[in-house]
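K.L.:
Contents of model.txt (compact mmCIF, C-alpha atoms and all ligand atoms) are given next:
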# COMPACT_ATOMS: atom_id res chain seq x y z
CA MET L 1 -4.02 43.23 8.83
CA ASN L 2 -1.40 42.19 6.30
CA ASP L 3 2.08 43.62 6.13
CA SER L 4 1.57 45.51 2.87
CA GLN L 5 -1.00 47.92 4.34
CA VAL L 6 0.38 51.29 5.37
CA GLU L 7 -1.33 53.22 8.16
CA LYS L 8 -1.55 56.99 8.03
CA LEU L 9 -0.87 57.37 11.74
CA ILE L 10 0.30 55.00 14.43
CA ILE L 11 0.46 56.26 18.01
CA ILE L 12 2.57 54.36 20.49
CA GLY L 13 1.30 54.83 24.05
CA SER L 14 -2.11 55.23 25.62
CA GLY L 15 -1.66 57.77 28.40
CA PRO L 16 -3.14 61.29 28.15
CA ALA L 17 -0.69 62.25 25.35
CA GLY L 18 -1.39 59.19 23.18
CA LEU L 19 -5.16 59.25 23.66
CA THR L 20 -5.49 62.98 23.03
CA ALA L 21 -3.39 62.53 19.89
CA ALA L 22 -5.83 59.75 18.92
CA ILE L 23 -8.91 61.93 19.48
CA TYR L 24 -7.49 64.73 17.32
CA GLY L 25 -6.09 62.30 14.75
CA ALA L 26 -9.40 60.48 14.41
CA ARG L 27 -11.35 63.72 14.07
CA GLY L 28 -8.76 64.84 11.49
CA ASN L 29 -9.57 61.74 9.39
CA LEU L 30 -6.23 60.02 10.07
CA ASN L 31 -7.94 56.85 11.36
CA PRO L 32 -5.23 56.36 13.99
CA LEU L 33 -4.06 53.03 15.27
CA VAL L 34 -2.95 53.15 18.92
CA ILE L 35 -0.50 50.59 20.17
CA ALA L 36 -1.63 50.84 23.76
CA GLY L 37 0.87 48.57 25.48
CA ARG L 38 0.09 45.67 27.78
CA GLU L 39 -0.30 48.04 30.71
CA ALA L 40 -2.48 50.58 28.93
CA GLY L 41 -3.26 54.03 30.33
CA GLY L 42 0.15 55.22 31.48
CA GLN L 43 1.08 56.57 34.89
CA LEU L 44 -2.44 57.80 35.68
CA VAL L 45 -3.73 54.28 36.10
CA LEU L 46 -1.32 54.02 39.04
CA THR L 47 -2.72 57.06 40.82
CA THR L 48 -5.91 57.46 42.81
CA ASP L 49 -7.60 60.87 43.01
CA VAL L 50 -6.83 63.32 40.22
CA ASP L 51 -7.93 66.76 41.37
CA ASP L 52 -6.02 68.94 38.93
CA TYR L 53 -7.34 67.80 35.55
CA PRO L 54 -9.71 70.50 34.33
CA GLY L 55 -13.35 69.61 33.84
CA PHE L 56 -13.86 67.39 36.88
CA GLU L 57 -14.98 69.70 39.66
CA ALA L 58 -15.15 66.89 42.22
CA GLY L 59 -11.96 65.23 40.99
CA ILE L 60 -11.71 61.89 39.26
CA GLN L 61 -9.86 58.63 39.82
CA GLY L 62 -6.82 58.24 37.53
CA PRO L 63 -7.96 54.92 35.98
CA GLN L 64 -11.45 56.34 35.40
CA LEU L 65 -10.02 59.39 33.63
CA MET L 66 -8.03 57.15 31.31
CA GLU L 67 -11.07 55.00 30.61
CA LYS L 68 -13.02 58.11 29.65
CA MET L 69 -10.26 59.28 27.31
CA ARG L 70 -10.10 55.86 25.71
CA LYS L 71 -13.86 55.71 25.20
CA GLN L 72 -13.82 59.22 23.76
CA SER L 73 -11.14 58.22 21.25
CA GLU L 74 -13.10 55.04 20.39
CA ARG L 75 -16.16 57.18 19.68
CA PHE L 76 -14.22 58.51 16.70
CA ALA L 77 -13.22 54.99 15.61
CA THR L 78 -9.68 54.90 16.94
CA ARG L 79 -8.35 51.35 16.74
CA PHE L 80 -6.27 49.76 19.51
CA ILE L 81 -3.73 47.00 19.76
CA ASN L 82 -3.09 46.06 23.39
CA GLU L 83 0.47 44.95 22.91
CA ASP L 84 3.92 46.35 23.59
CA VAL L 85 6.13 47.60 20.78
CA ILE L 86 9.22 45.44 20.52
CA SER L 87 11.17 47.47 17.95
CA VAL L 88 10.82 50.17 15.32
CA ASP L 89 12.51 50.81 11.98
CA LEU L 90 12.60 54.55 11.42
CA LYS L 91 15.38 54.49 8.84
CA LYS L 92 13.01 54.51 5.86
CA GLN L 93 9.48 55.54 4.93
CA PRO L 94 7.00 54.02 5.64
CA PHE L 95 8.20 53.37 9.18
CA GLY L 96 8.13 49.82 10.50
CA ILE L 97 6.64 49.00 13.92
CA LYS L 98 7.01 45.51 15.35
CA THR L 99 4.65 44.53 18.15
CA GLU L 100 4.54 41.23 19.98
CA THR L 101 2.53 39.60 17.16
CA GLN L 102 2.50 41.95 14.16
CA THR L 103 4.67 44.04 11.90
CA LEU L 104 2.99 47.30 10.91
CA LYS L 105 3.84 50.14 8.56
CA THR L 106 2.94 53.78 8.93
CA ALA L 107 3.52 57.08 7.16
CA ALA L 108 3.53 59.03 10.44
CA LEU L 109 4.30 58.05 13.99
CA ILE L 110 3.59 59.69 17.34
CA ILE L 111 5.67 58.41 20.22
CA ALA L 112 3.82 58.90 23.51
CA THR L 113 5.27 56.14 25.66
CA GLY L 114 5.73 58.32 28.74
CA ALA L 115 8.18 57.92 31.56
CA SER L 116 8.18 55.81 34.65
CA ALA L 117 9.08 57.11 38.10
CA MET L 118 12.01 55.32 39.63
CA TRP L 119 11.35 53.61 42.92
CA LEU L 120 13.64 52.56 45.74
CA GLY L 121 12.71 48.92 45.22
CA LEU L 122 11.60 48.20 48.80
CA GLN L 123 8.76 45.76 49.36
CA SER L 124 7.18 48.08 51.94
CA GLU L 125 7.34 50.96 49.43
CA GLN L 126 5.41 48.94 46.83
CA ARG L 127 2.84 47.78 49.40
CA LEU L 128 2.10 51.36 50.51
CA ARG L 129 2.00 52.99 47.06
CA GLY L 130 -1.16 55.08 46.89
CA LYS L 131 -1.47 54.73 50.69
CA GLY L 132 1.01 57.44 51.56
CA VAL L 133 3.83 56.59 49.17
CA SER L 134 3.80 58.71 46.03
CA ALA L 135 6.12 59.88 43.26
CA CYS L 136 4.18 63.04 42.42
CA ALA L 137 3.70 65.93 44.85
CA VAL L 138 1.57 67.92 42.43
CA CYS L 139 -0.77 64.91 42.06
CA ASP L 140 -0.94 63.78 45.67
CA GLY L 141 0.45 66.59 47.85
CA PHE L 142 -2.98 67.99 48.57
CA PHE L 143 -3.89 64.87 50.57
CA PHE L 144 -1.14 65.76 53.03
CA LYS L 145 -2.26 69.30 53.75
CA GLY L 146 -1.14 70.26 57.26
CA LYS L 147 0.66 66.93 57.69
CA THR L 148 4.23 65.75 57.95
CA VAL L 149 5.98 64.29 54.90
CA ALA L 150 9.41 63.27 53.68
CA VAL L 151 10.96 63.59 50.22
CA ILE L 152 13.74 61.27 49.09
CA GLY L 153 16.32 62.55 46.60
CA GLY L 154 18.74 65.41 46.08
CA GLY L 155 18.10 66.47 42.48
CA ASP L 156 15.93 69.11 40.82
CA THR L 157 12.84 66.93 41.08
CA ALA L 158 13.30 66.40 44.82
CA MET L 159 13.75 70.14 45.37
CA ARG L 160 10.69 70.97 43.30
CA GLU L 161 8.68 68.38 45.22
CA ALA L 162 9.95 69.69 48.56
CA ASN L 163 9.18 73.27 47.58
CA TYR L 164 5.66 72.37 46.44
CA LEU L 165 4.97 70.35 49.59
CA SER L 166 6.37 73.06 51.88
CA LYS L 167 3.44 75.26 50.88
CA LEU L 168 0.91 72.61 51.92
CA CYS L 169 2.42 70.55 54.67
CA LYS L 170 3.31 71.27 58.28
CA GLN L 171 6.79 69.82 57.95
CA VAL L 172 8.85 68.47 55.04
CA THR L 173 12.00 66.42 55.62
CA VAL L 174 14.34 65.84 52.69
CA ILE L 175 16.27 62.59 53.07
CA HIS L 176 19.34 62.43 50.84
CA ARG L 177 21.91 59.68 50.51
CA ARG L 178 24.87 62.08 50.33
CA ASP L 179 25.81 65.32 52.12
CA ALA L 180 25.40 67.51 49.03
CA LEU L 181 22.49 68.11 46.70
CA ARG L 182 22.86 67.78 42.95
CA ALA L 183 19.96 70.16 42.29
CA GLN L 184 20.61 73.52 40.64
CA ALA L 185 21.77 76.18 43.10
CA ALA L 186 18.69 78.37 42.84
CA LEU L 187 16.39 75.47 43.73
CA GLN L 188 18.62 74.44 46.62
CA GLU L 189 18.55 77.96 48.03
CA LEU L 190 14.82 78.23 47.62
CA VAL L 191 14.17 75.02 49.54
CA LYS L 192 16.79 75.71 52.20
CA SER L 193 15.15 79.07 52.88
CA LYS L 194 11.87 77.41 53.89
CA SER L 195 11.33 77.37 57.65
CA ASN L 196 9.35 74.11 57.53
CA VAL L 197 11.90 72.12 55.52
CA ASN L 198 14.72 70.22 57.17
CA PHE L 199 17.34 67.84 55.76
CA ILE L 200 18.60 64.45 56.86
CA TRP L 201 21.96 63.95 55.13
CA ASP L 202 23.96 60.82 54.33
CA SER L 203 20.90 58.69 54.83
CA THR L 204 18.85 56.08 53.03
CA VAL L 205 15.38 54.78 53.74
CA GLU L 206 15.52 51.11 54.63
CA GLU L 207 11.82 50.50 55.20
CA VAL L 208 8.51 52.32 54.95
CA LEU L 209 6.48 51.76 58.11
CA GLY L 210 2.72 51.32 58.40
CA GLN L 211 0.09 48.68 57.76
CA ASP L 212 -2.67 50.30 55.68
CA LYS L 213 -1.08 53.74 55.48
CA VAL L 214 2.33 55.28 55.95
CA THR L 215 3.21 56.06 59.56
CA GLY L 216 6.97 56.53 59.25
CA VAL L 217 10.26 55.43 57.76
CA LYS L 218 13.28 53.57 59.03
CA VAL L 219 16.35 55.64 58.13
CA LYS L 220 19.95 54.47 58.00
CA ASN L 221 22.90 56.81 58.30
CA THR L 222 25.36 55.70 55.61
CA GLN L 223 28.38 57.03 57.57
CA THR L 224 27.67 55.56 61.00
CA GLY L 225 25.27 52.72 60.16
CA GLU L 226 22.93 54.06 62.81
CA ILE L 227 19.22 53.28 62.28
CA SER L 228 16.54 55.73 63.38
CA GLN L 229 12.82 56.17 62.83
CA LEU L 230 11.02 59.22 61.51
CA GLU L 231 7.28 59.61 61.93
CA ILE L 232 5.61 60.85 58.75
CA ASP L 233 2.21 60.72 57.05
CA GLY L 234 3.48 60.70 53.49
CA LEU L 235 6.61 59.74 51.58
CA PHE L 236 7.49 61.23 48.20
CA ILE L 237 10.09 59.38 46.16
CA ALA L 238 11.92 61.81 43.86
CA ILE L 239 14.94 59.89 42.69
CA GLY L 240 14.37 60.46 38.97
CA HIS L 241 12.19 59.36 36.10
CA LYS L 242 13.11 57.02 33.32
CA PRO L 243 11.65 57.76 29.88
CA ASN L 244 10.27 54.67 28.18
CA THR L 245 12.54 54.81 25.14
CA ASP L 246 14.56 51.60 25.24
CA PHE L 247 12.93 50.44 21.99
CA LEU L 248 14.09 53.64 20.24
CA LYS L 249 17.82 53.31 20.88
CA GLY L 250 19.80 53.61 17.64
CA GLN L 251 16.69 54.78 15.77
CA LEU L 252 16.00 58.28 17.03
CA GLU L 253 18.05 61.00 18.72
CA LEU L 254 17.81 60.65 22.50
CA ASP L 255 19.50 62.82 25.11
CA LYS L 256 21.89 61.39 27.67
CA LYS L 257 19.02 60.59 30.06
CA GLY L 258 17.13 58.79 27.30
CA TYR L 259 14.49 61.47 26.59
CA VAL L 260 13.56 61.98 22.93
CA VAL L 261 15.21 65.13 21.60
CA VAL L 262 12.56 67.53 20.33
CA GLU L 263 13.45 69.89 17.50
CA ASN L 264 10.35 72.05 17.30
CA GLU L 265 7.33 71.52 19.57
CA THR L 266 6.55 67.88 18.68
CA LYS L 267 9.01 67.24 15.86
CA THR L 268 11.92 64.84 16.31
CA SER L 269 15.14 64.41 14.36
CA ILE L 270 13.20 62.30 11.79
CA PRO L 271 10.52 63.94 9.61
CA GLY L 272 7.25 62.07 10.13
CA VAL L 273 8.14 60.98 13.66
CA PHE L 274 6.52 63.09 16.35
CA VAL L 275 6.59 62.99 20.10
CA ALA L 276 4.19 63.95 22.89
CA GLY L 277 4.13 63.88 26.68
CA ASP L 278 6.56 62.74 29.33
CA VAL L 279 8.74 60.75 26.93
CA ALA L 280 10.20 64.11 25.89
CA ASP L 281 9.28 66.26 28.91
CA TYR L 282 11.24 65.99 32.14
CA LYS L 283 9.95 69.27 33.48
CA TYR L 284 6.16 69.55 33.60
CA ARG L 285 5.08 65.88 33.54
CA GLN L 286 1.39 66.66 34.05
CA ALA L 287 -1.58 64.85 32.51
CA VAL L 288 -2.87 68.12 31.14
CA THR L 289 0.46 69.14 29.57
CA ALA L 290 0.79 65.65 28.06
CA ALA L 291 -2.73 65.91 26.64
CA GLY L 292 -1.88 69.32 25.16
CA ALA L 293 1.24 67.90 23.55
CA GLY L 294 -0.80 65.00 22.12
CA CYS L 295 -3.13 67.49 20.48
CA LYS L 296 -0.20 69.42 19.00
CA ALA L 297 1.44 66.24 17.72
CA SER L 298 -1.70 65.17 15.82
CA LEU L 299 -2.10 68.59 14.27
CA ASP L 300 1.57 68.46 13.23
CA VAL L 301 0.99 65.01 11.69
CA GLU L 302 -1.91 66.38 9.64
CA GLU L 303 0.33 69.14 8.33
CA TYR L 304 3.12 66.67 7.60
CA LEU L 305 0.89 64.25 5.71
CA GLU L 306 -0.53 67.08 3.63
CA GLY L 307 3.02 67.93 2.61
CA ILE L 308 4.10 64.47 1.49
CA LYS L 309 2.82 62.64 -1.57
CA LEU L 310 0.45 59.91 -0.45
CA PRO L 311 0.70 56.79 -2.65
CA THR L 312 -3.04 55.98 -2.69
CA GLU L 313 -6.16 57.27 -1.00
CA GLY L 314 -9.53 55.75 -0.24
CA ASN L 315 -8.35 52.72 1.72
CA GLY L 316 -9.89 53.50 5.11
CA GLY L 317 -7.31 55.29 7.19
CA ARG L 318 -4.55 53.49 5.39
CA LEU L 319 -2.55 54.75 2.49
P1 LIG Q 401 18.43 63.31 39.09
O1 LIG Q 401 19.00 64.63 38.75
O2 LIG Q 401 19.00 62.09 38.48
O3 LIG Q 401 18.48 63.19 40.68
C1 LIG Q 401 18.09 62.04 41.33
C2 LIG Q 401 18.41 62.19 42.81
O4 LIG Q 401 17.96 61.04 43.49
C3 LIG Q 401 19.90 62.34 43.08
O5 LIG Q 401 20.10 63.26 44.13
C4 LIG Q 401 20.30 60.94 43.50
O6 LIG Q 401 21.33 60.91 44.47
C5 LIG Q 401 19.05 60.43 44.15
N1 LIG Q 401 18.91 58.99 44.00
C6 LIG Q 401 18.98 58.28 42.85
N2 LIG Q 401 18.75 56.98 43.10
C7 LIG Q 401 18.57 56.88 44.43
C8 LIG Q 401 18.30 55.79 45.32
N3 LIG Q 401 18.16 54.54 44.85
N4 LIG Q 401 18.16 56.05 46.62
C9 LIG Q 401 18.28 57.31 47.10
N5 LIG Q 401 18.52 58.38 46.32
C10 LIG Q 401 18.67 58.16 45.02
O7 LIG Q 401 16.84 63.22 38.76
P2 LIG Q 401 15.76 64.37 38.74
O8 LIG Q 401 15.90 65.22 39.93
O9 LIG Q 401 14.45 63.72 38.50
O10 LIG Q 401 16.12 65.19 37.45
C11 LIG Q 401 16.20 64.53 36.18
C12 LIG Q 401 16.55 65.55 35.11
O11 LIG Q 401 15.44 66.43 34.96
C13 LIG Q 401 17.75 66.40 35.48
O12 LIG Q 401 18.48 66.69 34.33
C14 LIG Q 401 17.13 67.65 36.05
O13 LIG Q 401 17.94 68.79 35.91
C15 LIG Q 401 15.86 67.75 35.20
N6 LIG Q 401 14.80 68.45 35.92
C16 LIG Q 401 14.74 69.79 35.81
C17 LIG Q 401 13.78 70.50 36.48
C18 LIG Q 401 13.71 71.96 36.36
O14 LIG Q 401 12.91 72.56 37.03
N7 LIG Q 401 14.52 72.57 35.53
C19 LIG Q 401 12.87 69.84 37.33
C20 LIG Q 401 12.97 68.47 37.45
C21 LIG Q 401 13.95 67.79 36.74
P3 LIG Q 401 22.83 61.35 44.09
O15 LIG Q 401 22.80 62.85 44.04
O16 LIG Q 401 23.63 60.80 45.21
O17 LIG Q 401 23.14 60.73 42.77
Take the structure in the file and give it back as structure tokens.

P.N.:
Amino acid sequence: MNDSQVEKLIIIGSGPAGLTAAIYGARGNLNPLVIAGREAGGQLVLTTDVDDYPGFEAGIQGPQLMEKMRKQSERFATRFINEDVISVDLKKQPFGIKTETQTLKTAALIIATGASAMWLGLQSEQRLRGKGVSACAVCDGFFFKGKTVAVIGGGDTAMREANYLSKLCKQVTVIHRRDALRAQAALQELVKSKSNVNFIWDSTVEEVLGQDKVTGVKVKNTQTGEISQLEIDGLFIAIGHKPNTDFLKGQLELDKKGYVVVENETKTSIPGVFVAGDVADYKYRQAVTAAGAGCKASLDVEEYLEGIKLPTEGNGGRL
């Protein structure tokens, strides 16, 4: 592909948002080019059983679901580049996209780069991910039905996770590094009112215990230095998510946490640049909501491209 060619639609990201955008874009004759990233497939490739994505009555493995979405988008001739985006130039039309090996141009762009859960950074935590350590109660909580779990964090996410888990689990312990929560008052009250939720304050988790599955955590009291052990079956890390927007800094309006600011459904501060999925959504963060947003973004691109004057037609999906 030489630099003078202009794509109709480039999609950055290959999770549920990006791939659904690709399916709709391809069927809408936009011949989309997906820049999938080196670690294609988004957060779902890091999960095991997905039981809440409609259409799979027996559930499906996260990586398998992403493979199916990718194959479905390829059926409609979506093209893929398995590289990361290094930088973008959104200051003029067509937009410039620089990957590891190519510089591309596009009339419309969908950003669907997702967000990454933040982790404590413990070796034992990484070793037991998917074996009792999770960052998504809605995804994995069901596997701990009737069991004992802990949630780490004191923000809105931690309270939402604790609330969700309290309806499934026998006991939920929130471990927070300070003696006050930062979550909104209503969420705090809701969680504190649950009879099967208790709090361990001023404490950090030093190690996750267990060989092949989580059996407990080693907890340190930050005031006294005292170390204790808590027996649990599952550990939910809820210390925040980081949107994958570093490459957009200075190019597009981001909020103070780095999420893309959305003006209207999928539209950003720049006409022709659209957004879908967790990169702009701190609240729902579900595969199905991301997929829905990807669909909307592609339909919005179609409308946008109809409204601008295309330089030439009849060059494949390119302008
Ligand atoms: P957050 O507000 O940044 O809270 C992160 C929590 O994790 C804080 O309590 C923090 O402790 C703790 N933490 C951070 N790093 C830690 C570490 N290394 N070890 C132990 N604890 C650590 O993140 P969030 O809860 O994911 O929320 C992110 C944004 O999304 C917020 O603006 C929130 O309001 C929004 N949100 C809204 C909803 C909603 O329903 N409206 C739901 C989810 C999220 P400290 O308190 O000591 O800093």

K.L.:
In Å to one decimal, how far is atom CA of L:Val191 from atom CA of L:Cys169?

P.N.:
13.6 Å

K.L.:
Kindly provide the residues of chain L that approach ligand LIG 401 (chain Q) to within 7 Å, each paired with its closest atom pair and their distance in Å to one decimal, based on only C-alpha atoms and all ligand atoms, listed by chain and increasing number, as CSV.

P.N.:
residue,atom,partner,partner_atom,distance
L:Leu120,CA,Q:LIG401,N3,5.0
L:Ile152,CA,Q:LIG401,N5,6.2
L:Gly153,CA,Q:LIG401,O4,3.8
L:Gly154,CA,Q:LIG401,O5,3.2
L:Gly155,CA,Q:LIG401,O8,3.6
L:Asp156,CA,Q:LIG401,O8,4.0
L:Thr157,CA,Q:LIG401,O8,3.7
L:Ala158,CA,Q:LIG401,O8,5.7
L:Arg160,CA,Q:LIG401,C19,6.5
L:His176,CA,Q:LIG401,N5,6.1
L:Arg177,CA,Q:LIG401,C9,5.5
L:Arg178,CA,Q:LIG401,O16,5.4
L:Leu181,CA,Q:LIG401,O15,5.9
L:Arg182,CA,Q:LIG401,O15,5.0
L:Ala183,CA,Q:LIG401,O1,6.6
L:Thr204,CA,Q:LIG401,C9,6.1
L:Ala238,CA,Q:LIG401,O4,6.1
L:Ile239,CA,Q:LIG401,O4,3.3
L:Gly240,CA,Q:LIG401,O9,3.3
L:His241,CA,Q:LIG401,O9,5.5
L:Tyr282,CA,Q:LIG401,O11,5.1
L:Lys283,CA,Q:LIG401,C19,4.9

K.L.:
For L:Ile12, work out the shell of residues within 7 Å, counting only C-alpha atoms and skipping chain neighbours fewer than 5 positions away, then give it as a VMD selection string.

P.N.:
chain L and resid 18 34 to 36 110 to 113

K.L.:
Please indicate the distance in Å from atom CA of L:Tyr24 to atom CA of L:Phe274, rounded to one decimal place.

P.N.:
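Atom CA of L:Phe274 lies at a distance of 14.1 Å from atom CA of L:Tyr24.
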
K.L.:
Which residues come within 8 Å of stretch 102-106 of chain L, counting only C-alpha atoms, excluding same-chain residues fewer than 4 positions away, as a list in words?

P.N.:
Asp3, Ser4, Gln5, Val6, Glu7, Lys8, Leu9, Ile10, Gln93, Pro94, Phe95, Gly96, Ile97 and Lys98 of chain L

K.L.:
Would you mind telling me which residue in L:Glu161, L:Glu306, L:Glu265, L:Asp246 lies nearest to L:Ala293 when using all atoms listed in the file?

P.N.:
L:Glu265

K.L.:
Excluding same-chain residues fewer than 5 positions from L:Lys145, what lies within 9 Å of it counting all atoms listed in the file, as a list in words?

P.N.:
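Non-adjacent residues within range: Leu165, Lys167, Leu168, Cys169 and Lys170 of chain L.
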
K.L.:
Can you spit out the residues from that selection as a compact mmCIF listing (two decimals), in the frame of the given file, using C-alpha atoms?

P.N.:
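The resulting file, selection_22.txt, is reproduced below:
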# COMPACT_ATOMS: atom_id res chain seq x y z
CA LEU L 165 4.97 70.35 49.59
CA LYS L 167 3.44 75.26 50.88
CA LEU L 168 0.91 72.61 51.92
CA CYS L 169 2.42 70.55 54.67
CA LYS L 170 3.31 71.27 58.28

K.L.:
Which is closer to L:Cys295 than all the others in L:Ile200, L:Val279, L:Ala22, L:Ile11, using only C-alpha atoms?

P.N.:
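Closest to L:Cys295, using only C-alpha atoms: L:Ala22.
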
K.L.:
Tell me, counting only C-alpha atoms, for each residue of stretch 145-249 of chain L within 12 Å of stretch 81-86 of chain L, which pair of atoms is nearest and how far apart they are in Å to one decimal, in rows ordered by chain and increasing number, as CSV.

P.N.:
residue,atom,partner,partner_atom,distance
L:Asn244,CA,L:Val85,CA,11.0
L:Thr245,CA,L:Val85,CA,10.6
L:Asp246,CA,L:Ile86,CA,9.4
L:Phe247,CA,L:Ile86,CA,6.4
L:Leu248,CA,L:Ile86,CA,9.5
L:Lys249,CA,L:Ile86,CA,11.7

K.L.:
Given the selection you just returned, output its residues as a file containing C-alpha atoms, formatted as a PDB file, in the coordinates of the input.

P.N.:
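Dumped everything to result_10.pdb:
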ATOM      1  CA  ASN L 244      10.270  54.670  28.180  1.00  0.00           C
ATOM      2  CA  THR L 245      12.540  54.810  25.140  1.00  0.00           C
ATOM      3  CA  ASP L 246      14.560  51.600  25.240  1.00  0.00           C
ATOM      4  CA  PHE L 247      12.930  50.440  21.990  1.00  0.00           C
ATOM      5  CA  LEU L 248      14.090  53.640  20.240  1.00  0.00           C
ATOM      6  CA  LYS L 249      17.820  53.310  20.880  1.00  0.00           C
TER       7      LYS L 249
END

K.L.:
Would you output stretch 248-254 of chain L from that structure, restricted to all heavy atoms, as a PDB file, in the first residue's frame?

P.N.:
ATOM      1  N   LEU L 248      -3.078   9.180  21.562  1.00  0.00           N
ATOM      2  CA  LEU L 248      -4.010  10.231  21.123  1.00  0.00           C
ATOM      3  C   LEU L 248      -3.740  11.579  21.795  1.00  0.00           C
ATOM      4  O   LEU L 248      -4.359  12.587  21.447  1.00  0.00           O
ATOM      5  CB  LEU L 248      -5.453   9.819  21.438  1.00  0.00           C
ATOM      6  CG  LEU L 248      -5.996   8.625  20.662  1.00  0.00           C
ATOM      7  CD1 LEU L 248      -7.337   8.192  21.230  1.00  0.00           C
ATOM      8  CD2 LEU L 248      -6.130   8.960  19.182  1.00  0.00           C
ATOM      9  N   LYS L 249      -2.830  11.569  22.767  1.00  0.00           N
ATOM     10  CA  LYS L 249      -2.590  12.799  23.533  1.00  0.00           C
ATOM     11  C   LYS L 249      -2.193  13.947  22.609  1.00  0.00           C
ATOM     12  O   LYS L 249      -1.348  13.779  21.734  1.00  0.00           O
ATOM     13  CB  LYS L 249      -1.504  12.568  24.591  1.00  0.00           C
ATOM     14  CG  LYS L 249      -2.083  11.898  25.818  1.00  0.00           C
ATOM     15  CD  LYS L 249      -1.070  11.655  26.899  1.00  0.00           C
ATOM     16  CE  LYS L 249      -1.697  10.782  27.976  1.00  0.00           C
ATOM     17  NZ  LYS L 249      -0.746   9.935  28.673  1.00  0.00           N
ATOM     18  N   GLY L 250      -2.849  15.092  22.785  1.00  0.00           N
ATOM     19  CA  GLY L 250      -2.545  16.264  21.955  1.00  0.00           C
ATOM     20  C   GLY L 250      -3.273  16.260  20.624  1.00  0.00           C
ATOM     21  O   GLY L 250      -3.184  17.219  19.858  1.00  0.00           O
ATOM     22  N   GLN L 251      -3.988  15.167  20.327  1.00  0.00           N
ATOM     23  CA  GLN L 251      -4.671  15.053  19.037  1.00  0.00           C
ATOM     24  C   GLN L 251      -6.185  15.131  19.180  1.00  0.00           C
ATOM     25  O   GLN L 251      -6.874  15.585  18.279  1.00  0.00           O
ATOM     26  CB  GLN L 251      -4.318  13.707  18.384  1.00  0.00           C
ATOM     27  CG  GLN L 251      -2.880  13.590  17.940  1.00  0.00           C
ATOM     28  CD  GLN L 251      -2.622  14.419  16.685  1.00  0.00           C
ATOM     29  OE1 GLN L 251      -3.508  14.643  15.899  1.00  0.00           O
ATOM     30  NE2 GLN L 251      -1.392  14.886  16.541  1.00  0.00           N
ATOM     31  N   LEU L 252      -6.689  14.639  20.299  1.00  0.00           N
ATOM     32  CA  LEU L 252      -8.128  14.482  20.476  1.00  0.00           C
ATOM     33  C   LEU L 252      -8.461  14.822  21.922  1.00  0.00           C
ATOM     34  O   LEU L 252      -7.636  14.578  22.812  1.00  0.00           O
ATOM     35  CB  LEU L 252      -8.472  13.007  20.187  1.00  0.00           C
ATOM     36  CG  LEU L 252      -9.923  12.612  20.018  1.00  0.00           C
ATOM     37  CD1 LEU L 252     -10.554  13.360  18.844  1.00  0.00           C
ATOM     38  CD2 LEU L 252     -10.018  11.106  19.747  1.00  0.00           C
ATOM     39  N   GLU L 253      -9.666  15.339  22.153  1.00  0.00           N
ATOM     40  CA  GLU L 253     -10.023  15.719  23.521  1.00  0.00           C
ATOM     41  C   GLU L 253     -10.189  14.470  24.399  1.00  0.00           C
ATOM     42  O   GLU L 253     -10.988  13.577  24.087  1.00  0.00           O
ATOM     43  CB  GLU L 253     -11.319  16.536  23.512  1.00  0.00           C
ATOM     44  CG  GLU L 253     -11.523  17.266  24.827  1.00  0.00           C
ATOM     45  CD  GLU L 253     -12.865  18.003  24.903  1.00  0.00           C
ATOM     46  OE1 GLU L 253     -13.514  18.176  23.860  1.00  0.00           O
ATOM     47  OE2 GLU L 253     -13.246  18.359  26.026  1.00  0.00           O
ATOM     48  N   LEU L 254      -9.425  14.436  25.475  1.00  0.00           N
ATOM     49  CA  LEU L 254      -9.500  13.335  26.439  1.00  0.00           C
ATOM     50  C   LEU L 254      -9.907  13.925  27.779  1.00  0.00           C
ATOM     51  O   LEU L 254      -9.593  15.083  28.074  1.00  0.00           O
ATOM     52  CB  LEU L 254      -8.133  12.648  26.581  1.00  0.00           C
ATOM     53  CG  LEU L 254      -7.452  12.156  25.296  1.00  0.00           C
ATOM     54  CD1 LEU L 254      -6.054  11.597  25.611  1.00  0.00           C
ATOM     55  CD2 LEU L 254      -8.291  11.080  24.614  1.00  0.00           C
TER      56      LEU L 254
END
